[in-house]
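The structure appears below as structure tokens.
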Amino acid sequence: MTFQVTQKRDAARIGMLTTRHGALTTPFFMPDATRASVRGLTNAQLRSVGVVPMVVNTYHLLLQPGMDLVRGAGGIHNFMQWDGPLLSDSGGYQVYSLIHKNAALGKITEDGAVFKSVLDGRTHVLTPEKAIRIQFDLGVDMMVMLDDPRPNDATRTVFEDAVERTIRWAQRCKDEYDRHVAARDMDEASRPLLFGVVQGGPFADLRARCAHALHAIGCDGYGFGGRHVDMDGRLMEEIITHTAASITPDAPRFALGIGTPSDIVRCHAVGWDLFDCVIPTREGRHGRLFVYTHTDHAQMHSAPDDFYHTINIANAQYRQDFSPIDPTCTCYACTNHTRAYIQHLFRVGEPLGAQLAALHNLRFFVRLMEMLQHLSIEPRHNT
RNA sequence: GCGACUAUAGUUCAGCGGUUAGAACAUCGGUUUGUGGUACCGAGGAUCUGGGUUCGAUUCCCAGUAGUCGCC
């Protein structure tokens, strides 16, 4: 096993996850490089703000550029020229999301996810076996089993079906994974880490059932699947807490798609270790910037909504604001440019604005994780 | 100086003798949670001036003013 918890405080923990492309201190955050790039940013820029691991997506890369090309490039690391750890998402959530928005685009069957390519209309079938094979072809350090997410407002019966199917698919994923490890002559150090995904919607017993079944199958890590926010966009903290508790403390816990900075703080507090989210990059592109109001570790946990705020850089109040986005930030945008200038870039539609905004937000998230990585050794502030 | 054409939102344009005059862009604000997203949602904002015809004029007529083009 390549995960070691080094410090604990209550359910929160700090650990070390070893991958083929280096060791990572947990908790950590992975930006989404869905199509083998973090939109608009160069590798050098990503490194400059402290990004190390990233997430790529099986679904998107399968469609474009296709696996023949990735294999020809010598794997996804070589293709992207990124030497940090890479995790690939299985594509299950993307197909679910696609179908949920437009049922005509595909369907989920017992065999796998059937969908039409948005590029050429051809039909693809993403089976558990294929999802694993693709991720081996990508050559990532961490891979995710194909799962069966459902919308939050589905009935208990629907979630029961989703859990059972996710478990059946997990076994197929594991069998396929074992075949590849054997066929490729991989050992404990060279094999990628395999993450199962715990489904079950808002039902704690279904989450526990799913987690226990995945443990029996055997994964390196376990993820929280499905949507983790309620209909009002609020984090479903109780179910996230229960789900973490139903996963062995010996394995890394991956909170897929989480989240806002306050969501990440809350999830880490209840035992989650890995995070990925589009928020810093997408919201940055749309002009929302994250700013620390203070960086007191104790207050981060006691008031997880109050240690930062966001600004919409396009708002009129920043037109003549010649201060940096965040005076405590060391990113290129904050050390070289003013809010007024970045607003100007947004107003004239200059892509550099979105680029600087995403860069800053990523620095904010990396800093957040750096703070959480020291949280447990800070003196406890009892109230 | 003469003639033609034009005059509606900040801008470029629709429109109609009769509810609340539309759009795009711009402005102001919001949304975004395992990225079909240079995306999406909402708000504020206008009939050049003065007469006339008419039950009723932003619309039709006249004059003025302004602009564009053309001609001397």
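Residue numbers start at 1 in each chain; chains themselves are named A, B, ... in the order of the structure tokens; ligands are numbered from 1 in the order shown.
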Exercise for the section: Skip A:Leu86 itself and residues of its chain fewer than 4 positions away, then list as a ChimeraX atom specification all residues within 9 Å of it, counting only C-alpha atoms (C1' of nucleotides). Expected result: /A:21,30,52-56,76-77,82,139-143
Save out the residues we just selected, N, CA and C atoms, as a short mmCIF file (atom, residue, chain, number, x, y, z; two decimals), in the first residue's frame.
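The result, written out as selection.cif:
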```cif
data_model
loop_
_atom_site.label_atom_id
_atom_site.label_comp_id
_atom_site.auth_asym_id
_atom_site.auth_seq_id
_atom_site.Cartn_x
_atom_site.Cartn_y
_atom_site.Cartn_z
N HIS A 21 4.65 8.87 -10.23
CA HIS A 21 5.25 10.16 -10.57
C HIS A 21 5.47 11.01 -9.33
N MET A 30 -6.53 18.67 -7.09
CA MET A 30 -6.13 18.46 -8.49
C MET A 30 -6.99 19.33 -9.40
N VAL A 52 0.66 20.31 -8.76
CA VAL A 52 1.47 19.11 -8.98
C VAL A 52 0.63 17.99 -9.62
N PRO A 53 -0.43 17.50 -8.95
CA PRO A 53 -1.27 16.49 -9.59
C PRO A 53 -2.42 17.15 -10.36
N MET A 54 -2.91 16.47 -11.39
CA MET A 54 -4.04 16.98 -12.15
C MET A 54 -4.94 15.81 -12.55
N VAL A 55 -6.14 16.16 -12.99
CA VAL A 55 -7.12 15.15 -13.41
C VAL A 55 -7.35 15.28 -14.92
N VAL A 56 -7.27 14.16 -15.61
CA VAL A 56 -7.66 14.13 -17.02
C VAL A 56 -8.89 13.24 -17.13
N ILE A 76 -0.17 9.66 -21.78
CA ILE A 76 -0.70 11.01 -21.57
C ILE A 76 0.33 11.95 -20.93
N HIS A 77 1.18 11.42 -20.07
CA HIS A 77 2.22 12.28 -19.49
C HIS A 77 3.12 12.85 -20.58
N TRP A 82 3.67 16.60 -18.88
CA TRP A 82 3.46 16.88 -17.46
C TRP A 82 4.07 15.74 -16.68
N GLY A 139 -1.95 5.70 -19.25
CA GLY A 139 -0.74 5.57 -18.44
C GLY A 139 -0.75 6.46 -17.21
N VAL A 140 -1.95 6.68 -16.67
CA VAL A 140 -2.07 7.56 -15.51
C VAL A 140 -1.60 6.86 -14.24
N ASP A 141 -1.41 7.66 -13.20
CA ASP A 141 -0.94 7.13 -11.92
C ASP A 141 -2.08 6.68 -11.03
N MET A 142 -3.24 7.29 -11.25
CA MET A 142 -4.42 6.94 -10.45
C MET A 142 -5.59 6.83 -11.39
N MET A 143 -6.36 5.77 -11.28
CA MET A 143 -7.51 5.62 -12.15
C MET A 143 -8.78 5.37 -11.32
#
```
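Near chain B, counting only C-alpha atoms (C1' of nucleotides) at 7 Å, the chain A residues are Thr34, Asp89, Tyr93, Leu256, Gly257, Ile258, Gly259, Thr260, Cys277, Val278, Ile279 and Glu283 of chain A.
The gap separating atom CA of A:Gly271 from atom CA of A:Ala12 is 4.7 Å, in Å to one decimal.
Note that the spacing between atom CA of A:Met369 and atom CA of A:Phe28 amounts to 5.7 Å.
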Exercise for the section: Can you list, as a ChimeraX atom specification, all residues belonging to stretch 35-232 of chain A that DSSP tags as strand (DSSP E or B)? Expected result: /A:54-57,86-89,106-108,113-116,123-126,142-144,193-198,221-224,229
How would the residues just chosen look if you wrote them out with C-alpha atoms as a CSV table (one decimal), in the first residue's frame?
```csv
chain,number,residue,atom,x,y,z
A,54,MET,CA,-4.0,17.0,-12.1
A,55,VAL,CA,-7.1,15.2,-13.4
A,56,VAL,CA,-7.7,14.1,-17.0
A,57,ASN,CA,-10.8,12.5,-18.4
A,86,LEU,CA,-2.1,12.3,-13.1
A,87,LEU,CA,-5.5,10.9,-12.2
A,88,SER,CA,-8.0,10.0,-14.8
A,89,ASP,CA,-11.7,10.1,-14.2
A,106,GLY,CA,-27.3,7.9,-24.8
A,107,LYS,CA,-28.4,5.5,-22.2
A,108,ILE,CA,-26.9,3.4,-19.3
A,113,ALA,CA,-22.7,3.6,-20.9
A,114,VAL,CA,-23.9,3.9,-24.5
A,115,PHE,CA,-23.6,7.4,-26.0
A,116,LYS,CA,-23.3,9.2,-29.2
A,123,THR,CA,-22.1,5.4,-31.0
A,124,HIS,CA,-19.7,4.5,-28.3
A,125,VAL,CA,-20.0,2.0,-25.5
A,126,LEU,CA,-18.0,2.7,-22.4
A,142,MET,CA,-4.4,6.9,-10.4
A,143,MET,CA,-7.5,5.6,-12.1
A,144,VAL,CA,-11.2,5.5,-11.3
A,193,LEU,CA,-3.7,3.2,-8.0
A,194,LEU,CA,-7.3,2.1,-8.5
A,195,PHE,CA,-10.2,4.1,-6.9
A,196,GLY,CA,-13.6,2.7,-6.4
A,197,VAL,CA,-16.6,5.1,-6.2
A,198,VAL,CA,-19.1,5.0,-3.5
A,221,GLY,CA,-8.7,4.3,-2.7
A,222,TYR,CA,-12.4,5.2,-2.4
A,223,GLY,CA,-14.3,8.1,-3.8
A,224,PHE,CA,-17.5,9.9,-3.0
A,229,VAL,CA,-24.7,19.2,-3.1
```
Fewer than 2 positions away in the same chain doesn't count, so skip those; otherwise give me all residues within 9 Å of A:Thr18, counting only C-alpha atoms (C1' of nucleotides), as a PDB file with C-alpha atoms, in the first residue's frame.
```pdb
ATOM      1  CA  MET A   1       0.000   0.000   0.000  1.00  0.00           C
ATOM      2  CA  THR A   2       1.274   3.401  -0.910  1.00  0.00           C
ATOM      3  CA  PHE A   3      -0.802   5.581   1.403  1.00  0.00           C
ATOM      4  CA  GLN A   4       0.259   6.454   4.899  1.00  0.00           C
ATOM      5  CA  MET A  16       1.486  10.678   2.099  1.00  0.00           C
ATOM      6  CA  ARG A  20       4.674   6.472  -9.968  1.00  0.00           C
ATOM      7  CA  HIS A  21       5.253  10.163 -10.569  1.00  0.00           C
ATOM      8  CA  GLY A  22       6.139  11.099  -7.040  1.00  0.00           C
ATOM      9  CA  ALA A  23       4.717  11.315  -3.549  1.00  0.00           C
ATOM     10  CA  LEU A  24       1.948  13.718  -2.628  1.00  0.00           C
ATOM     11  CA  THR A  25       1.079  15.094   0.773  1.00  0.00           C
ATOM     12  CA  ALA A 189       5.444   0.103  -7.144  1.00  0.00           C
TER      13      ALA A 189
END
```
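Coordinates place atom CA of A:Ala255 at a distance of 21.4 Å from atom CA of A:Arg168.
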Handout entry: Residues within 10 Å of A:Leu62, only C-alpha atoms (C1' of nucleotides), excluding chain neighbours under 3 positions, as a ChimeraX atom specification
Key = /A:35,57-59,65-70,91,117,124,126,131,134-135,138
For the residues in that selection, give me N, CA and C atoms as a PDB file, in the first residue's frame.
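Done, and the output landed in out_36.pdb:
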```pdb
ATOM      1  N   ARG A  35      -9.371  17.813 -20.924  1.00  0.00           N
ATOM      2  CA  ARG A  35      -8.944  17.423 -22.270  1.00  0.00           C
ATOM      3  C   ARG A  35      -7.433  17.554 -22.407  1.00  0.00           C
ATOM      4  N   ASN A  57      -9.548  13.269 -18.275  1.00  0.00           N
ATOM      5  CA  ASN A  57     -10.817  12.547 -18.369  1.00  0.00           C
ATOM      6  C   ASN A  57     -10.853  11.524 -19.496  1.00  0.00           C
ATOM      7  N   THR A  58     -11.209  10.315 -19.101  1.00  0.00           N
ATOM      8  CA  THR A  58     -11.298   9.195 -20.026  1.00  0.00           C
ATOM      9  C   THR A  58     -12.260   9.489 -21.164  1.00  0.00           C
ATOM     10  N   TYR A  59     -13.434   9.993 -20.826  1.00  0.00           N
ATOM     11  CA  TYR A  59     -14.472  10.236 -21.819  1.00  0.00           C
ATOM     12  C   TYR A  59     -14.003  11.227 -22.884  1.00  0.00           C
ATOM     13  N   PRO A  65      -8.136  13.186 -28.364  1.00  0.00           N
ATOM     14  CA  PRO A  65      -7.759  12.849 -29.746  1.00  0.00           C
ATOM     15  C   PRO A  65      -7.922  11.377 -30.087  1.00  0.00           C
ATOM     16  N   GLY A  66      -8.421  10.568 -29.143  1.00  0.00           N
ATOM     17  CA  GLY A  66      -8.534   9.131 -29.392  1.00  0.00           C
ATOM     18  C   GLY A  66      -7.322   8.396 -28.847  1.00  0.00           C
ATOM     19  N   MET A  67      -7.544   7.142 -28.487  1.00  0.00           N
ATOM     20  CA  MET A  67      -6.495   6.424 -27.774  1.00  0.00           C
ATOM     21  C   MET A  67      -5.320   6.014 -28.657  1.00  0.00           C
ATOM     22  N   ASP A  68      -5.569   5.829 -29.950  1.00  0.00           N
ATOM     23  CA  ASP A  68      -4.449   5.506 -30.832  1.00  0.00           C
ATOM     24  C   ASP A  68      -3.399   6.609 -30.764  1.00  0.00           C
ATOM     25  N   LEU A  69      -3.899   7.834 -30.769  1.00  0.00           N
ATOM     26  CA  LEU A  69      -2.952   8.938 -30.773  1.00  0.00           C
ATOM     27  C   LEU A  69      -2.225   9.059 -29.441  1.00  0.00           C
ATOM     28  N   VAL A  70      -2.953   8.855 -28.334  1.00  0.00           N
ATOM     29  CA  VAL A  70      -2.300   8.958 -27.025  1.00  0.00           C
ATOM     30  C   VAL A  70      -1.242   7.864 -26.870  1.00  0.00           C
ATOM     31  N   GLY A  91     -15.046   8.696 -16.774  1.00  0.00           N
ATOM     32  CA  GLY A  91     -15.964   9.095 -17.824  1.00  0.00           C
ATOM     33  C   GLY A  91     -17.411   8.775 -17.494  1.00  0.00           C
ATOM     34  N   SER A 117     -21.227  10.181 -29.937  1.00  0.00           N
ATOM     35  CA  SER A 117     -20.192  11.212 -29.939  1.00  0.00           C
ATOM     36  C   SER A 117     -20.792  12.538 -30.369  1.00  0.00           C
ATOM     37  N   HIS A 124     -20.715   5.067 -29.098  1.00  0.00           N
ATOM     38  CA  HIS A 124     -19.652   4.451 -28.308  1.00  0.00           C
ATOM     39  C   HIS A 124     -20.280   3.702 -27.136  1.00  0.00           C
ATOM     40  N   LEU A 126     -19.065   2.661 -23.406  1.00  0.00           N
ATOM     41  CA  LEU A 126     -18.025   2.717 -22.389  1.00  0.00           C
ATOM     42  C   LEU A 126     -18.356   1.677 -21.321  1.00  0.00           C
ATOM     43  N   ALA A 131     -13.272   1.211 -19.835  1.00  0.00           N
ATOM     44  CA  ALA A 131     -12.828   2.370 -19.058  1.00  0.00           C
ATOM     45  C   ALA A 131     -11.466   2.102 -18.429  1.00  0.00           C
ATOM     46  N   ILE A 134      -8.710   1.924 -21.236  1.00  0.00           N
ATOM     47  CA  ILE A 134      -8.336   3.262 -21.698  1.00  0.00           C
ATOM     48  C   ILE A 134      -7.393   3.928 -20.695  1.00  0.00           C
ATOM     49  N   GLN A 135      -7.689   3.746 -19.422  1.00  0.00           N
ATOM     50  CA  GLN A 135      -6.878   4.417 -18.413  1.00  0.00           C
ATOM     51  C   GLN A 135      -5.476   3.803 -18.325  1.00  0.00           C
ATOM     52  N   LEU A 138      -3.783   5.404 -21.202  1.00  0.00           N
ATOM     53  CA  LEU A 138      -3.374   6.771 -20.854  1.00  0.00           C
ATOM     54  C   LEU A 138      -2.075   6.726 -20.061  1.00  0.00           C
TER      55      LEU A 138
END
```
Handout entry: Close residues, B:G51 itself excluded, 12 Å, only C-alpha atoms (C1' of nucleotides), min 4 positions apart in chain, as a list in words
Key = C61, C62, A63 and G64 of chain B
Problem - Best match for closeness to A:Ala333 among A:Met300, A:Leu345, A:Ser246, A:His360, counting only C-alpha atoms - result: A:His360
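Near B:G15, within 10 Å and counting only C-alpha atoms (C1' of nucleotides), sit U8, A21, G22, U58 and U59 of chain B; same-chain residues fewer than 6 positions away were not included.
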